[in-house]
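J.: Let me give you the structure first, and then I'll get to my questions.
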Amino acid sequence: MLRNVSPSEKLMGALRVDWMWAFATIVLSHIWYGGWSLVALPRFVYYVCFGALAFCLVGLVKRLQIFRHSRIFAFLVLYSFFWIGQMYHIVMLFVSKGSSTAMGGWYLHSLVWVEVIVAFVGIAAIIPRPFRRHVLTIAVLAILAIDLYGTHFVALPYYAHSDTIAEVHISQLVADKPQCLDGLWAYVLWVLYFISSVAVAFIASTGGVSEVVRSKLVVNLKRFVKLTTAVD
């Protein structure tokens, strides 16, 4: 349907897009969104996250004005080109659907590592050094809390067709799943999810793993890289 769209039609579509709303929906779906089920968190959660993103952006601009480093610009160029692709996607959706909404925030998950680096640069430009660790710990715990809340109090009741988490029954969640994924496997997956969440909270609150564990992880990572290189 879009194969025969001319460049002039794309340009006209770009001029008619409500870009503020389009960007907001992308960032909203990037923070937390129930996929194509279109379930979301309370609005105040997104407002707080928008404020945190604006804070990091202000710090990043301040940092770039004082200290210009080629590596930071390299990350920003990579991230900017990804957003250019998102903008083109928005225009194509507008041309085909006539809507400025673009639930493409999950595409940005592939560049979370860039966002973490850039956000830390912005935080470091505003927050004094003694408080940076505490700010990062609070940020990690806040993200974890959003994920736990969204999973248990928004997504699970929705997919179980229940009003609250207390009314959720495991049989409702596995009703349309393959027979091999019965209620037991659902509990196992939930336990693993909960354990990993607790591990993230522990690492964030204690300042990370010990030096011995960290060194072992680095050694194993180097071995893995050598093995994959040898296979190639």
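Just so we're on the same page: first chain in the structure tokens is A, next is B, and so on; residues restart at 1 for each chain, and ligands are numbered from 1 in the order they show up.
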Going by DSSP on the backbone, which bits of chain A are helix (DSSP H, G or I)? Write them as a ChimeraX atom specification, please.

T.: /A:7-16,19-31,35-37,43-66,70-97,105-126,129-159,165-167,170-173,183-206,211-231

J.: So that I can see what lies close to range 144-148 of chain A, please list as an NGL selection string the residues with an atom at most 12 Å from it, counting only C-alpha atoms and leaving out residues fewer than 3 positions away in the same chain.

T.: :A and (30-34 or 40-42 or 44-46 or 48-49 or 137-141 or 151-156 or 190 or 193-202 or 204-205)

J.: If we count only C-alpha atoms and set the cut-off at 10 Å, which residues sit around Tyr159 in chain A, ignoring sequence neighbours fewer than 6 positions away in its own chain? Please answer as a ChimeraX atom specification.

T.: /A:37,168,172-174

J.: Between A:His134, A:Arg63, A:Lys97, A:His109, single out the one closest to Val121 in chain A, counting only C-alpha atoms.

T.: A:Arg63

J.: Rank A:Ser162, A:Ser80, A:Gln65, A:Thr25 by their smallest atom-to-atom distance to Ser100 in chain A, using only C-alpha atoms, and report the top residue only.

T.: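 Selected residue with least distance to Ser100 in chain A: A:Thr25.
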
J.: Do you know which residues are at most 12 Å from Leu11 in chain A counting only C-alpha atoms, after dropping those on the same chain fewer than 3 positions away, and could you put them as a list in words?

T.: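 Answer for this query is Val5, Ser6, Pro7, Ser8, Ala14, Leu15, Arg16, Val17, Met87, Tyr88, Val91, Met92, Phe94 and Val95 of chain A.
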